[in-house]
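The structure under discussion appears below in the form of structure tokens.
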Amino acid sequence: MENGIYIGISRQAALRRQMDVVANNLANVNTPAYRAERMVFNEFLMKPSQDKTGYSYVQDVGQYRSTENGPITQTGNDLDIALNGDGYFVVDTPLGERYTRHGRFQLDAEGFVVNTEGHRLLTNAGPIQIPPQTTSIEINGDGSVSTEAGPLGTLQVVTFEGDQELRRGANGIYTTEQDPQQAENVQIVQGSLEQSNVVAVLEMTRMIEISNAHNSLRKVLQNEDERQRTMIRRLGSSQG
């Protein structure tokens, strides 16, 4: 008798989780290089027995990131760098090397190129330190960095075999236990930033669909609850 309610509750829990994911996507619609997340659901089947029919639950098994690149917009800042293609910049942190597509960099007090958290951007030869009195910084499509004083190295851009296994942290930083591989078929665009790949209109549409599904399910559960109450009252009256 309670199977319908249990099935409905499992669906409600999945809808709530899905709404959280959509809301987080919308909250990051203006976050550079943010990648939207999607839910993964499975149907969990219960086999029928002699006295019970079979039924199924909604099973929330996890989520995955969209790997589509976000649009690239020009900023005019020489230390804003976008990746056109698959790959991640490498930054040096107190906990070791970390990875990011968030390409907003700046100079620290010592002239090193750092991200917004102060982590140094790495080339194949180590961190980039811009010489004093530098008037121009040039970053080519292959990642080579130079100033009027000469070349400074080539940016590390890496990929991973299991992209979905990267763990996202704060400020667009990713961690993983995988060994990085040199990225191929990726172009570096200076003076630009990759924007979020979240499409606000689509996320708003998903939010409305989830809300409508939740309201419909709530009515079904209310009707099922009332049906069970009516049956109990009738059974009580017949036995009395």
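How things are named: the first chain in the structure tokens is A, the next is B, and so on; residues count from 1 in each chain; ligands count from 1 in the order shown.
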DSSP-assigned helix (DSSP H, G or I) among region 99-188 of chain A, expressed as a VMD selection string: chain A and resid 163 to 165 170 to 172
Shell of 9 Å around His214 (chain A), only C-alpha atoms, local chain residues under 2 positions omitted, as a PyMOL selection string: chain A and resi 11-12+15-16+209-212+216-219
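In this comparison, which uses only C-alpha atoms, the residue of A:Asn140, A:Thr73, A:Gln106, A:Asn30 approaching Ile128 (chain A) most closely is A:Gln106.
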Please list as a list in words every residue within 10 Å of region 164-173 of chain A, counting only C-alpha atoms and excluding residues in the same chain fewer than 3 positions away. Thr31, Pro32, Ala33, Tyr34, Arg35, Gln63, Tyr64, Arg65, Ser66, Thr67, Tyr88, Phe89, Val90, Val91, Arg98, Tyr99, Thr100, Arg101, His102, Gly103, Asn115, Thr116, Glu117, Phe160, Glu161, Thr176, Glu177 and Gln178 of chain A
Please, could you write that set of residues out with C-alpha atoms as a short mmCIF file (atom, residue, chain, number, x, y, z; two decimals), in the first residue's frame?
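Output contents, as saved in selection32.cif:
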data_model
loop_
_atom_site.label_atom_id
_atom_site.label_comp_id
_atom_site.auth_asym_id
_atom_site.auth_seq_id
_atom_site.Cartn_x
_atom_site.Cartn_y
_atom_site.Cartn_z
CA THR A 31 31.97 32.97 -13.38
CA PRO A 32 34.82 32.76 -15.92
CA ALA A 33 35.44 29.24 -17.27
CA TYR A 34 32.74 27.68 -15.05
CA ARG A 35 31.38 24.42 -16.47
CA GLN A 63 26.50 14.22 -11.59
CA TYR A 64 28.86 15.17 -14.38
CA ARG A 65 30.33 18.37 -15.83
CA SER A 66 29.61 19.66 -19.28
CA THR A 67 32.92 19.73 -21.16
CA TYR A 88 44.00 23.31 -18.09
CA PHE A 89 46.56 25.82 -16.93
CA VAL A 90 48.88 24.63 -14.15
CA VAL A 91 49.36 26.73 -11.01
CA ARG A 98 46.63 22.43 -9.30
CA TYR A 99 44.71 22.99 -12.53
CA THR A 100 42.36 25.66 -13.80
CA ARG A 101 40.73 27.12 -16.90
CA HIS A 102 40.08 30.41 -15.13
CA GLY A 103 42.51 32.61 -17.04
CA ASN A 115 45.94 33.90 -10.26
CA THR A 116 43.42 35.69 -8.05
CA GLU A 117 44.45 33.47 -5.12
CA PHE A 160 43.66 14.20 -18.22
CA GLU A 161 42.36 10.86 -19.37
CA THR A 176 43.21 15.06 -9.22
CA GLU A 177 45.45 12.08 -8.54
CA GLN A 178 45.86 11.48 -12.27
#
With a distance cut-off of 10 Å and only C-alpha atoms, select the neighbouring residues of Gln133 (chain A), excluding the residue or stretch itself and same-chain residues fewer than 3 positions from it, and output the selection as a PyMOL selection string. chain A and resi 130+136+149
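CA of Thr154 (chain A) lies 14.3 Å from CA of Leu79 (chain A).
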Could you pull out the strand (DSSP E or B) residues of region 19-212 of chain A from DSSP and send them as a PyMOL selection string? chain A and resi 37-46+55-65+72-74+80-84+88-93+96-100+104+106-107+112-114+120-123+126-127+129+137-139+144-147+150-155+157-159+167-168+173-175+181-182+187-190+192-194
Would you list the contacts of Val114 (chain A) as JSON, numbers by chain, taking every protein, DNA or RNA residue within 9 Å and counting only C-alpha atoms, but skipping same-chain residues closer than 4 positions in sequence? {"A": [91, 104, 105, 106, 107, 108, 118, 119, 120, 121, 127, 128]}
The selected residues should be written to file as a PDB file, in the first residue's frame (atoms: N, CA, C and O atoms).
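That gives us selection_5.pdb:
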ATOM      1  N   VAL A  91      48.928  25.731 -11.984  1.00  0.00           N
ATOM      2  CA  VAL A  91      49.362  26.733 -11.013  1.00  0.00           C
ATOM      3  C   VAL A  91      50.001  26.021  -9.822  1.00  0.00           C
ATOM      4  O   VAL A  91      49.635  24.895  -9.475  1.00  0.00           O
ATOM      5  N   ARG A 104      42.171  34.483 -15.521  1.00  0.00           N
ATOM      6  CA  ARG A 104      42.432  35.861 -15.070  1.00  0.00           C
ATOM      7  C   ARG A 104      43.662  35.864 -14.168  1.00  0.00           C
ATOM      8  O   ARG A 104      43.638  35.386 -13.047  1.00  0.00           O
ATOM      9  N   PHE A 105      44.763  36.425 -14.684  1.00  0.00           N
ATOM     10  CA  PHE A 105      46.024  36.466 -13.957  1.00  0.00           C
ATOM     11  C   PHE A 105      46.469  37.916 -13.757  1.00  0.00           C
ATOM     12  O   PHE A 105      45.959  38.842 -14.394  1.00  0.00           O
ATOM     13  N   GLN A 106      47.457  38.075 -12.879  1.00  0.00           N
ATOM     14  CA  GLN A 106      47.975  39.399 -12.562  1.00  0.00           C
ATOM     15  C   GLN A 106      49.409  39.238 -12.062  1.00  0.00           C
ATOM     16  O   GLN A 106      49.902  38.123 -11.913  1.00  0.00           O
ATOM     17  N   LEU A 107      50.079  40.346 -11.804  1.00  0.00           N
ATOM     18  CA  LEU A 107      51.435  40.313 -11.267  1.00  0.00           C
ATOM     19  C   LEU A 107      51.405  40.540  -9.763  1.00  0.00           C
ATOM     20  O   LEU A 107      50.668  41.398  -9.270  1.00  0.00           O
ATOM     21  N   ASP A 108      52.227  39.754  -9.031  1.00  0.00           N
ATOM     22  CA  ASP A 108      52.348  40.004  -7.600  1.00  0.00           C
ATOM     23  C   ASP A 108      53.482  40.989  -7.345  1.00  0.00           C
ATOM     24  O   ASP A 108      54.090  41.530  -8.279  1.00  0.00           O
ATOM     25  N   GLY A 118      46.696  34.181  -5.716  1.00  0.00           N
ATOM     26  CA  GLY A 118      48.127  34.344  -5.488  1.00  0.00           C
ATOM     27  C   GLY A 118      48.970  33.148  -5.858  1.00  0.00           C
ATOM     28  O   GLY A 118      50.164  33.104  -5.554  1.00  0.00           O
ATOM     29  N   HIS A 119      48.394  32.160  -6.548  1.00  0.00           N
ATOM     30  CA  HIS A 119      49.142  30.969  -6.964  1.00  0.00           C
ATOM     31  C   HIS A 119      49.841  31.245  -8.292  1.00  0.00           C
ATOM     32  O   HIS A 119      49.230  31.758  -9.235  1.00  0.00           O
ATOM     33  N   ARG A 120      51.101  30.876  -8.370  1.00  0.00           N
ATOM     34  CA  ARG A 120      51.909  31.205  -9.542  1.00  0.00           C
ATOM     35  C   ARG A 120      51.583  30.327 -10.746  1.00  0.00           C
ATOM     36  O   ARG A 120      51.475  29.103 -10.634  1.00  0.00           O
ATOM     37  N   LEU A 121      51.442  30.971 -11.885  1.00  0.00           N
ATOM     38  CA  LEU A 121      51.212  30.272 -13.152  1.00  0.00           C
ATOM     39  C   LEU A 121      52.521  29.642 -13.603  1.00  0.00           C
ATOM     40  O   LEU A 121      53.585  30.276 -13.557  1.00  0.00           O
ATOM     41  N   PRO A 127      57.749  28.943 -12.656  1.00  0.00           N
ATOM     42  CA  PRO A 127      56.904  30.143 -12.622  1.00  0.00           C
ATOM     43  C   PRO A 127      57.412  31.229 -13.577  1.00  0.00           C
ATOM     44  O   PRO A 127      58.594  31.271 -13.917  1.00  0.00           O
ATOM     45  N   ILE A 128      56.513  32.102 -13.999  1.00  0.00           N
ATOM     46  CA  ILE A 128      56.879  33.221 -14.866  1.00  0.00           C
ATOM     47  C   ILE A 128      57.132  34.457 -13.996  1.00  0.00           C
ATOM     48  O   ILE A 128      56.252  34.865 -13.241  1.00  0.00           O
TER      49      ILE A 128
END
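Once region 81-86 of chain A and its same-chain neighbours fewer than 5 positions away are set aside, Asn69, Ile72, Arg101, Gly103, Arg104, Thr159, Asn185, Val186, Gln187, Ile188, Val189, Gln190, Gly191, Ser192, Leu193 and Glu194 of chain A remain within 7 Å of it when counting only C-alpha atoms.
The residue that comes closest to Glu68 (chain A), out of A:Asn24, A:Val198, A:Gln18, A:Glu148 and on the basis of only C-alpha atoms, is A:Val198.
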One-decimal distance in Å that lies between CA of Pro132 (chain A) and CA of Leu152 (chain A): 13.3 Å
